[in-house]
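Colleague: Contents of input12.cif (mmCIF, C-alpha atoms and all ligand atoms) are below:
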data_coords
#
loop_
_atom_site.group_PDB
_atom_site.id
_atom_site.type_symbol
_atom_site.label_atom_id
_atom_site.label_comp_id
_atom_site.auth_asym_id
_atom_site.auth_seq_id
_atom_site.Cartn_x
_atom_site.Cartn_y
_atom_site.Cartn_z
ATOM 1 C CA MET A 62 -129.440 34.949 -58.402
ATOM 2 C CA SER A 63 -129.565 36.865 -61.655
ATOM 3 C CA ILE A 64 -129.423 40.554 -62.457
ATOM 4 C CA LYS A 65 -130.963 41.780 -65.669
ATOM 5 C CA LEU A 66 -130.909 45.275 -67.114
ATOM 6 C CA GLU A 67 -133.346 46.015 -69.927
ATOM 7 C CA HIS A 68 -132.795 49.138 -72.026
ATOM 8 C CA ILE A 69 -131.419 51.150 -69.134
ATOM 9 C CA THR A 70 -130.798 54.836 -69.616
ATOM 10 C CA TYR A 71 -129.675 57.235 -66.925
ATOM 11 C CA THR A 72 -129.536 61.002 -67.252
ATOM 12 C CA TYR A 73 -127.979 63.231 -64.588
ATOM 13 C CA SER A 74 -129.630 66.630 -64.079
ATOM 14 C CA PRO A 75 -132.206 66.217 -66.849
ATOM 15 C CA GLY A 76 -133.545 69.396 -68.372
ATOM 16 C CA THR A 77 -130.690 71.561 -67.095
ATOM 17 C CA VAL A 78 -127.524 72.809 -68.780
ATOM 18 C CA TYR A 79 -125.714 70.090 -66.801
ATOM 19 C CA GLU A 80 -127.773 67.320 -68.423
ATOM 20 C CA MET A 81 -125.581 64.246 -68.869
ATOM 21 C CA HIS A 82 -126.646 61.030 -70.548
ATOM 22 C CA ALA A 83 -124.499 58.673 -68.499
ATOM 23 C CA LEU A 84 -126.149 55.425 -69.658
ATOM 24 C CA LYS A 85 -127.644 54.907 -73.088
ATOM 25 C CA ASP A 86 -129.792 51.850 -73.648
ATOM 26 C CA VAL A 87 -127.792 49.291 -71.724
ATOM 27 C CA ASP A 88 -128.889 45.656 -71.876
ATOM 28 C CA MET A 89 -127.107 43.155 -69.709
ATOM 29 C CA GLU A 90 -127.651 39.953 -67.832
ATOM 30 C CA ILE A 91 -125.408 38.678 -65.054
ATOM 31 C CA PRO A 92 -125.964 35.002 -64.354
ATOM 32 C CA ASP A 93 -125.389 33.299 -61.034
ATOM 33 C CA GLY A 94 -121.792 32.576 -60.139
ATOM 34 C CA GLN A 95 -120.208 34.624 -62.889
ATOM 35 C CA PHE A 96 -116.999 36.600 -62.387
ATOM 36 C CA MET A 97 -117.483 39.646 -64.564
ATOM 37 C CA GLY A 98 -114.962 42.385 -65.243
ATOM 38 C CA ILE A 99 -115.973 45.867 -66.385
ATOM 39 C CA ILE A 100 -113.464 48.163 -68.045
ATOM 40 C CA GLY A 101 -113.733 51.540 -69.752
ATOM 41 C CA HIS A 102 -112.377 55.064 -69.604
ATOM 42 C CA THR A 103 -113.147 57.400 -66.734
ATOM 43 C CA GLY A 104 -116.591 58.859 -67.329
ATOM 44 C CA SER A 105 -117.785 55.948 -69.475
ATOM 45 C CA GLY A 106 -120.608 55.170 -67.029
ATOM 46 C CA LYS A 107 -119.243 52.214 -65.037
ATOM 47 C CA SER A 108 -120.091 53.532 -61.563
ATOM 48 C CA THR A 109 -123.485 54.750 -62.697
ATOM 49 C CA LEU A 110 -124.150 51.316 -64.169
ATOM 50 C CA ILE A 111 -123.338 49.231 -61.121
ATOM 51 C CA GLN A 112 -125.391 51.435 -58.794
ATOM 52 C CA HIS A 113 -128.388 50.234 -60.777
ATOM 53 C CA PHE A 114 -127.663 46.624 -59.811
ATOM 54 C CA ASN A 115 -128.989 46.990 -56.267
ATOM 55 C CA GLY A 116 -131.349 49.910 -56.628
ATOM 56 C CA LEU A 117 -128.999 52.568 -55.307
ATOM 57 C CA MET A 118 -129.854 54.484 -58.468
ATOM 58 C CA LYS A 119 -133.156 54.428 -60.335
ATOM 59 C CA PRO A 120 -132.958 54.282 -64.127
ATOM 60 C CA THR A 121 -134.375 57.213 -66.066
ATOM 61 C CA SER A 122 -135.919 54.571 -68.304
ATOM 62 C CA GLY A 123 -135.712 50.813 -68.637
ATOM 63 C CA LYS A 124 -136.106 47.957 -66.186
ATOM 64 C CA VAL A 125 -133.847 46.309 -63.631
ATOM 65 C CA ARG A 126 -134.739 42.764 -62.653
ATOM 66 C CA TYR A 127 -133.395 40.673 -59.806
ATOM 67 C CA ASN A 128 -134.333 37.021 -60.148
ATOM 68 C CA GLY A 129 -136.827 38.125 -62.767
ATOM 69 C CA GLN A 130 -138.584 40.642 -60.537
ATOM 70 C CA ASP A 131 -138.788 44.343 -61.351
ATOM 71 C CA ILE A 132 -136.893 45.982 -58.476
ATOM 72 C CA TRP A 133 -138.764 49.264 -58.984
ATOM 73 C CA ALA A 134 -142.178 47.631 -58.682
ATOM 74 C CA GLU A 135 -144.222 49.252 -55.929
ATOM 75 C CA LYS A 136 -143.865 46.680 -53.155
ATOM 76 C CA TYR A 137 -140.395 45.410 -54.004
ATOM 77 C CA ASP A 138 -138.080 45.197 -50.961
ATOM 78 C CA ARG A 139 -135.020 47.151 -52.113
ATOM 79 C CA GLN A 140 -133.596 47.221 -48.616
ATOM 80 C CA LYS A 141 -133.241 43.460 -48.789
ATOM 81 C CA LEU A 142 -131.871 43.672 -52.313
ATOM 82 C CA ARG A 143 -129.073 45.939 -51.045
ATOM 83 C CA SER A 144 -127.958 43.226 -48.686
ATOM 84 C CA LYS A 145 -128.047 40.649 -51.512
ATOM 85 C CA VAL A 146 -125.987 42.761 -53.918
ATOM 86 C CA GLY A 147 -123.162 44.396 -51.973
ATOM 87 C CA LEU A 148 -121.123 47.275 -53.356
ATOM 88 C CA VAL A 149 -117.529 48.036 -52.370
ATOM 89 C CA PHE A 150 -116.383 51.457 -53.521
ATOM 90 C CA GLN A 151 -113.032 52.910 -54.466
ATOM 91 C CA TYR A 152 -112.564 54.655 -51.137
ATOM 92 C CA PRO A 153 -113.522 52.110 -48.493
ATOM 93 C CA GLU A 154 -112.732 54.807 -45.926
ATOM 94 C CA HIS A 155 -116.190 56.107 -46.792
ATOM 95 C CA GLN A 156 -117.707 52.757 -45.872
ATOM 96 C CA LEU A 157 -116.015 52.361 -42.496
ATOM 97 C CA PHE A 158 -117.691 54.121 -39.616
ATOM 98 C CA GLU A 159 -117.121 52.498 -36.274
ATOM 99 C CA ALA A 160 -114.187 52.799 -33.884
ATOM 100 C CA GLU A 161 -113.163 49.145 -34.143
ATOM 101 C CA VAL A 162 -113.032 46.766 -37.077
ATOM 102 C CA LEU A 163 -115.230 44.038 -35.565
ATOM 103 C CA GLU A 164 -117.800 46.580 -34.449
ATOM 104 C CA ASP A 165 -117.792 48.082 -37.913
ATOM 105 C CA VAL A 166 -118.488 44.766 -39.597
ATOM 106 C CA CYS A 167 -121.302 44.088 -37.065
ATOM 107 C CA PHE A 168 -123.042 47.287 -38.107
ATOM 108 C CA GLY A 169 -124.854 45.854 -41.150
ATOM 109 C CA PRO A 170 -126.082 42.607 -39.563
ATOM 110 C CA LYS A 171 -127.295 44.558 -36.516
ATOM 111 C CA ASN A 172 -129.243 46.790 -38.861
ATOM 112 C CA LEU A 173 -130.821 43.668 -40.322
ATOM 113 C CA GLY A 174 -132.200 43.076 -36.844
ATOM 114 C CA LEU A 175 -129.842 40.329 -35.690
ATOM 115 C CA SER A 176 -128.880 40.075 -32.026
ATOM 116 C CA LYS A 177 -125.440 41.203 -30.890
ATOM 117 C CA GLU A 178 -124.259 37.572 -30.688
ATOM 118 C CA GLU A 179 -125.586 36.637 -34.114
ATOM 119 C CA ALA A 180 -124.152 39.808 -35.631
ATOM 120 C CA GLU A 181 -120.746 39.041 -34.127
ATOM 121 C CA GLU A 182 -120.837 35.488 -35.366
ATOM 122 C CA ARG A 183 -121.517 36.720 -38.860
ATOM 123 C CA ALA A 184 -118.881 39.439 -38.590
ATOM 124 C CA VAL A 185 -116.216 36.976 -37.519
ATOM 125 C CA ARG A 186 -117.133 34.688 -40.403
ATOM 126 C CA ALA A 187 -117.024 37.612 -42.839
ATOM 127 C CA LEU A 188 -113.686 38.869 -41.529
ATOM 128 C CA THR A 189 -112.226 35.377 -41.838
ATOM 129 C CA GLN A 190 -113.512 35.089 -45.412
ATOM 130 C CA ALA A 191 -112.069 38.501 -46.200
ATOM 131 C CA GLY A 192 -108.724 37.399 -44.784
ATOM 132 C CA LEU A 193 -108.483 39.668 -41.745
ATOM 133 C CA SER A 194 -107.207 37.848 -38.680
ATOM 134 C CA GLU A 195 -108.342 38.255 -35.108
ATOM 135 C CA LYS A 196 -105.517 40.605 -34.221
ATOM 136 C CA PHE A 197 -107.272 43.352 -36.234
ATOM 137 C CA TYR A 198 -110.699 43.030 -34.606
ATOM 138 C CA LYS A 199 -110.055 45.721 -32.026
ATOM 139 C CA SER A 200 -108.012 47.981 -34.323
ATOM 140 C CA SER A 201 -109.379 51.221 -35.622
ATOM 141 C CA PRO A 202 -110.290 50.827 -39.309
ATOM 142 C CA PHE A 203 -108.172 53.901 -39.909
ATOM 143 C CA GLU A 204 -105.003 52.235 -38.597
ATOM 144 C CA LEU A 205 -105.189 49.533 -41.244
ATOM 145 C CA SER A 206 -103.110 49.442 -44.416
ATOM 146 C CA GLY A 207 -104.834 50.165 -47.713
ATOM 147 C CA GLY A 208 -105.297 46.481 -48.518
ATOM 148 C CA GLN A 209 -106.557 45.711 -45.023
ATOM 149 C CA LYS A 210 -109.065 48.572 -45.226
ATOM 150 C CA ARG A 211 -110.444 47.174 -48.457
ATOM 151 C CA ARG A 212 -110.736 43.773 -46.866
ATOM 152 C CA ALA A 213 -112.533 45.306 -43.869
ATOM 153 C CA ALA A 214 -114.956 46.989 -46.285
ATOM 154 C CA ILE A 215 -115.403 43.670 -48.112
ATOM 155 C CA ALA A 216 -116.060 41.974 -44.762
ATOM 156 C CA GLY A 217 -118.744 44.576 -44.043
ATOM 157 C CA VAL A 218 -120.452 43.581 -47.284
ATOM 158 C CA LEU A 219 -119.942 39.833 -46.701
ATOM 159 C CA ALA A 220 -121.519 40.097 -43.263
ATOM 160 C CA MET A 221 -124.788 40.830 -45.062
ATOM 161 C CA GLU A 222 -124.437 37.397 -46.724
ATOM 162 C CA PRO A 223 -124.729 38.754 -50.265
ATOM 163 C CA GLU A 224 -125.232 36.659 -53.369
ATOM 164 C CA CYS A 225 -123.275 39.119 -55.451
ATOM 165 C CA ILE A 226 -120.396 41.446 -54.606
ATOM 166 C CA VAL A 227 -119.517 44.420 -56.800
ATOM 167 C CA LEU A 228 -116.138 46.138 -56.498
ATOM 168 C CA ASP A 229 -115.975 49.594 -58.034
ATOM 169 C CA GLU A 230 -112.265 50.185 -58.566
ATOM 170 C CA ALA A 231 -111.771 48.953 -55.040
ATOM 171 C CA THR A 232 -108.228 47.916 -55.894
ATOM 172 C CA ALA A 233 -107.233 51.296 -57.318
ATOM 173 C CA MET A 234 -104.818 53.206 -55.088
ATOM 174 C CA LEU A 235 -103.377 49.962 -53.742
ATOM 175 C CA ASP A 236 -99.833 48.739 -54.256
ATOM 176 C CA PRO A 237 -99.476 45.512 -56.266
ATOM 177 C CA VAL A 238 -99.339 43.375 -53.110
ATOM 178 C CA GLY A 239 -102.515 44.914 -51.673
ATOM 179 C CA ARG A 240 -104.233 44.489 -55.032
ATOM 180 C CA ARG A 241 -103.248 40.840 -55.243
ATOM 181 C CA GLU A 242 -104.608 40.207 -51.735
ATOM 182 C CA VAL A 243 -107.959 41.772 -52.473
ATOM 183 C CA LEU A 244 -108.263 39.992 -55.811
ATOM 184 C CA ALA A 245 -107.319 36.658 -54.303
ATOM 185 C CA THR A 246 -110.075 37.179 -51.748
ATOM 186 C CA VAL A 247 -112.800 37.783 -54.329
ATOM 187 C CA HIS A 248 -111.577 34.988 -56.584
ATOM 188 C CA ARG A 249 -111.778 32.610 -53.654
ATOM 189 C CA LEU A 250 -115.328 33.746 -52.806
ATOM 190 C CA ASN A 251 -116.287 33.134 -56.407
ATOM 191 C CA ARG A 252 -114.651 29.728 -56.647
ATOM 192 C CA GLU A 253 -115.448 28.335 -53.244
ATOM 193 C CA LYS A 254 -118.800 29.946 -52.425
ATOM 194 C CA GLY A 255 -120.067 30.400 -55.953
ATOM 195 C CA MET A 256 -120.539 34.086 -55.236
ATOM 196 C CA THR A 257 -121.225 36.287 -58.236
ATOM 197 C CA VAL A 258 -118.511 38.942 -58.574
ATOM 198 C CA VAL A 259 -118.456 42.142 -60.619
ATOM 199 C CA LEU A 260 -115.089 43.863 -60.745
ATOM 200 C CA ILE A 261 -114.592 47.318 -62.222
ATOM 201 C CA THR A 262 -110.919 47.749 -62.928
ATOM 202 C CA HIS A 263 -108.360 49.735 -64.880
ATOM 203 C CA HIS A 264 -105.966 46.827 -64.923
ATOM 204 C CA MET A 265 -106.204 44.605 -67.984
ATOM 205 C CA ASN A 266 -104.526 41.715 -66.202
ATOM 206 C CA GLU A 267 -107.297 41.768 -63.570
ATOM 207 C CA ALA A 268 -109.993 41.762 -66.235
ATOM 208 C CA GLU A 269 -108.251 38.939 -68.047
ATOM 209 C CA GLU A 270 -108.874 36.653 -65.087
ATOM 210 C CA ALA A 271 -112.651 37.173 -65.289
ATOM 211 C CA ASP A 272 -115.120 34.785 -66.966
ATOM 212 C CA ARG A 273 -116.465 37.681 -68.953
ATOM 213 C CA VAL A 274 -115.398 41.226 -69.762
ATOM 214 C CA VAL A 275 -117.716 44.121 -70.526
ATOM 215 C CA VAL A 276 -116.256 47.252 -72.089
ATOM 216 C CA MET A 277 -118.100 50.530 -71.536
ATOM 217 C CA ASP A 278 -117.663 53.624 -73.654
ATOM 218 C CA ASP A 279 -119.664 56.836 -73.484
ATOM 219 C CA GLY A 280 -122.550 55.271 -71.570
ATOM 220 C CA ALA A 281 -122.872 52.188 -73.735
ATOM 221 C CA VAL A 282 -121.630 48.601 -73.696
ATOM 222 C CA VAL A 283 -119.312 48.383 -76.692
ATOM 223 C CA MET A 284 -117.919 44.891 -76.095
ATOM 224 C CA ASP A 285 -119.109 41.938 -74.076
ATOM 225 C CA GLY A 286 -117.492 38.522 -74.189
ATOM 226 C CA SER A 287 -114.805 36.242 -72.845
ATOM 227 C CA PRO A 288 -111.433 37.909 -72.100
ATOM 228 C CA LYS A 289 -110.100 36.105 -75.184
ATOM 229 C CA GLU A 290 -112.790 37.602 -77.416
ATOM 230 C CA VAL A 291 -112.481 41.087 -75.950
ATOM 231 C CA PHE A 292 -108.677 41.459 -75.855
HETATM 232 P P1 LIG B 1 -117.034 55.942 -64.609
HETATM 233 O O1 LIG B 1 -117.365 55.251 -63.341
HETATM 234 O O2 LIG B 1 -116.898 55.043 -65.790
HETATM 235 O O3 LIG B 1 -115.854 56.861 -64.481
HETATM 236 P P2 LIG B 1 -119.423 57.516 -64.081
HETATM 237 O O4 LIG B 1 -120.578 56.592 -64.046
HETATM 238 O O5 LIG B 1 -118.888 57.982 -62.791
HETATM 239 O O6 LIG B 1 -118.285 56.892 -65.005
HETATM 240 O O7 LIG B 1 -119.822 58.809 -64.925
HETATM 241 C C1 LIG B 1 -120.482 58.753 -66.168
HETATM 242 C C2 LIG B 1 -120.765 60.164 -66.629
HETATM 243 O O8 LIG B 1 -121.694 60.783 -65.761
HETATM 244 C C3 LIG B 1 -119.533 61.069 -66.639
HETATM 245 O O9 LIG B 1 -119.608 61.943 -67.731
HETATM 246 C C4 LIG B 1 -119.648 61.813 -65.333
HETATM 247 O O10 LIG B 1 -119.025 63.074 -65.436
HETATM 248 C C5 LIG B 1 -121.143 61.942 -65.167
HETATM 249 N N1 LIG B 1 -121.513 61.966 -63.740
HETATM 250 C C6 LIG B 1 -121.186 61.069 -62.809
HETATM 251 N N2 LIG B 1 -121.707 61.389 -61.611
HETATM 252 C C7 LIG B 1 -122.410 62.526 -61.814
HETATM 253 C C8 LIG B 1 -123.190 63.357 -60.982
HETATM 254 N N3 LIG B 1 -123.382 63.082 -59.679
HETATM 255 N N4 LIG B 1 -123.763 64.458 -61.529
HETATM 256 C C9 LIG B 1 -123.603 64.732 -62.834
HETATM 257 N N5 LIG B 1 -122.883 63.999 -63.684
HETATM 258 C C10 LIG B 1 -122.294 62.901 -63.183
HETATM 259 MG MG MG B 2 -116.340 55.165 -61.531
#
Show how you would write the structure in this file as structure tokens.
Modeller:
Amino acid sequence: MSIKLEHITYTYSPGTVYEMHALKDVDMEIPDGQFMGIIGHTGSGKSTLIQHFNGLMKPTSGKVRYNGQDIWAEKYDRQKLRSKVGLVFQYPEHQLFEAEVLEDVCFGPKNLGLSKEEAEERAVRALTQAGLSEKFYKSSPFELSGGQKRRAAIAGVLAMEPECIVLDEATAMLDPVGRREVLATVHRLNREKGMTVVLITHHMNEAEEADRVVVMDDGAVVMDGSPKEVF
């Protein structure tokens, strides 16, 4: 897979007093299998940026390409794209809906049209990859610890069999142990499955472990290179 942004701008509430130029001419290419870290102050445009990766947000101007194809072209299947590029947000609570963990992770695959059995097979595989053992399958997502909740949310994304997983400060609010667990999970997916990973983080040590670090400031990419070059 590859994601390419060409001269992306995004303006919230254009033409009003609330007008906000959140992205200003961003160019970026994410190659297959890369582990990319994104850092930058609050309000620098990180969340706005990554929601362009899978068509959750439409750029005000510029092009987004997935495997070379313009994702905003008329007949492009953005529903499918959203399963290929999975987003995990800061508050996974907002991504967990069902009464039981296993059921929750089955939700996406069922929506893809898979049978109950196939969906469960995928969910079990995803939960295993995310590091949640069988004893949690029948738990309520809301009974889980912070780290376990994140891993349940990650499993929900993995059950869609994505090519790329994007974590938007998904490790914020976790204690160091929970953070380590979640990071270890995504590093393993990257190493062992070749999955492309994008990690938005406030922690320099997490960004340092990436192949590449992008620094955002005021809606623009101000640095882009290896952790060594950037730090
Ligand atoms: P980050 O994720 O780096 O904190 P965001 O992408 O959330 O940055 O925000 C970039 C800018 O856009 C900020 O100035 C923020 O206040 C503004 N912004 C974000 N979401 C909205 C929104 N829904 N409506 C208006 N402005 C927004
Ligand atoms: Mg954000």
Colleague: Pull out every residue that the PyMOL selection byres (((chain A and resi 251) around 12) and not hetatm) matches in the shown coordinates and put them as a PyMOL selection string.
Modeller: chain A and resi 93-97+190+223-227+244-250+252-260+270-272
Colleague: Run the PyMOL selection byres (((not hetatm)) within 10 of (chain B and resi 1)) on the file and write out the hits as a ChimeraX atom specification.
Modeller: /A:71-75,79-84,99-112,229-230,261-262,277-280
Colleague: Between A:Val149, A:Val291, A:Ala268, A:Leu163, which residue has the minimum interatomic distance to ligand MG 2 (chain B), considering only C-alpha atoms and all ligand atoms?
Modeller: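 Among A:Val149, A:Val291, A:Ala268, A:Leu163, it is A:Val149 that comes nearest to ligand MG 2 (chain B).
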Colleague: Within 12 Å of Glu179 of chain A, counting only C-alpha atoms, which residues show up once you throw out same-chain ones fewer than 3 positions away? Write them as a CSV table (one decimal) with C-alpha atoms, in the coordinates of the input, please.
Modeller:
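Result file is part_32.csv:
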chain,number,residue,atom,x,y,z
A,167,CYS,CA,-121.3,44.1,-37.1
A,168,PHE,CA,-123.0,47.3,-38.1
A,169,GLY,CA,-124.9,45.9,-41.2
A,170,PRO,CA,-126.1,42.6,-39.6
A,171,LYS,CA,-127.3,44.6,-36.5
A,172,ASN,CA,-129.2,46.8,-38.9
A,173,LEU,CA,-130.8,43.7,-40.3
A,174,GLY,CA,-132.2,43.1,-36.8
A,175,LEU,CA,-129.8,40.3,-35.7
A,176,SER,CA,-128.9,40.1,-32.0
A,182,GLU,CA,-120.8,35.5,-35.4
A,183,ARG,CA,-121.5,36.7,-38.9
A,184,ALA,CA,-118.9,39.4,-38.6
A,185,VAL,CA,-116.2,37.0,-37.5
A,186,ARG,CA,-117.1,34.7,-40.4
A,220,ALA,CA,-121.5,40.1,-43.3
A,221,MET,CA,-124.8,40.8,-45.1
Colleague: Using all atoms listed in the file for the distances, tell me which of A:Ile69, A:Ala233, A:Ala191, A:Ala160 is nearest to ligand MG 2 (chain B).
Modeller: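 Result for the nearest residue to ligand MG 2 (chain B): A:Ala233.
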Colleague: Using the chain letters and numbering of this document, enumerate as an NGL selection string the residues selected by the PyMOL selection byres (((chain A and resi 210) around 12) and not hetatm).
Modeller: :A and (149-158 or 161-162 or 165-166 or 188 or 191-193 or 197 or 200-209 or 211-217 or 231-232 or 234-235 or 239-240 or 242-243)
Colleague: Could those residues be written to a file, using C-alpha atoms, as a short mmCIF file (atom, residue, chain, number, x, y, z; two decimals), in the frame of the given file?
Modeller:
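Below is the file that was written, again_2.cif:
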data_model
loop_
_atom_site.label_atom_id
_atom_site.label_comp_id
_atom_site.auth_asym_id
_atom_site.auth_seq_id
_atom_site.Cartn_x
_atom_site.Cartn_y
_atom_site.Cartn_z
CA VAL A 149 -117.53 48.04 -52.37
CA PHE A 150 -116.38 51.46 -53.52
CA GLN A 151 -113.03 52.91 -54.47
CA TYR A 152 -112.56 54.66 -51.14
CA PRO A 153 -113.52 52.11 -48.49
CA GLU A 154 -112.73 54.81 -45.93
CA HIS A 155 -116.19 56.11 -46.79
CA GLN A 156 -117.71 52.76 -45.87
CA LEU A 157 -116.02 52.36 -42.50
CA PHE A 158 -117.69 54.12 -39.62
CA GLU A 161 -113.16 49.14 -34.14
CA VAL A 162 -113.03 46.77 -37.08
CA ASP A 165 -117.79 48.08 -37.91
CA VAL A 166 -118.49 44.77 -39.60
CA LEU A 188 -113.69 38.87 -41.53
CA ALA A 191 -112.07 38.50 -46.20
CA GLY A 192 -108.72 37.40 -44.78
CA LEU A 193 -108.48 39.67 -41.74
CA PHE A 197 -107.27 43.35 -36.23
CA SER A 200 -108.01 47.98 -34.32
CA SER A 201 -109.38 51.22 -35.62
CA PRO A 202 -110.29 50.83 -39.31
CA PHE A 203 -108.17 53.90 -39.91
CA GLU A 204 -105.00 52.24 -38.60
CA LEU A 205 -105.19 49.53 -41.24
CA SER A 206 -103.11 49.44 -44.42
CA GLY A 207 -104.83 50.16 -47.71
CA GLY A 208 -105.30 46.48 -48.52
CA GLN A 209 -106.56 45.71 -45.02
CA ARG A 211 -110.44 47.17 -48.46
CA ARG A 212 -110.74 43.77 -46.87
CA ALA A 213 -112.53 45.31 -43.87
CA ALA A 214 -114.96 46.99 -46.28
CA ILE A 215 -115.40 43.67 -48.11
CA ALA A 216 -116.06 41.97 -44.76
CA GLY A 217 -118.74 44.58 -44.04
CA ALA A 231 -111.77 48.95 -55.04
CA THR A 232 -108.23 47.92 -55.89
CA MET A 234 -104.82 53.21 -55.09
CA LEU A 235 -103.38 49.96 -53.74
CA GLY A 239 -102.52 44.91 -51.67
CA ARG A 240 -104.23 44.49 -55.03
CA GLU A 242 -104.61 40.21 -51.74
CA VAL A 243 -107.96 41.77 -52.47
#
Colleague: Check the smallest atom-to-atom distance from each of A:Glu290, A:Met265, A:Leu228, A:Val282 to ligand MG 2 (chain B) using all atoms listed in the file, then report the winner.
Modeller: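 Between A:Glu290, A:Met265, A:Leu228, A:Val282, the residue approaching ligand MG 2 (chain B) most closely is A:Leu228.
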Colleague: Padding 6 Å on each side, edges along x, y and z: where is the centre of the box around the listed atoms of segment 178-196 of chain A, and how long are its edges in Å to one decimal? Output it as lines of an AutoDock Vina configuration file.
Modeller:
center_x = -115.6
center_y = 37.6
center_z = -38.4
size_x = 32.1
size_y = 17.9
size_z = 27.5
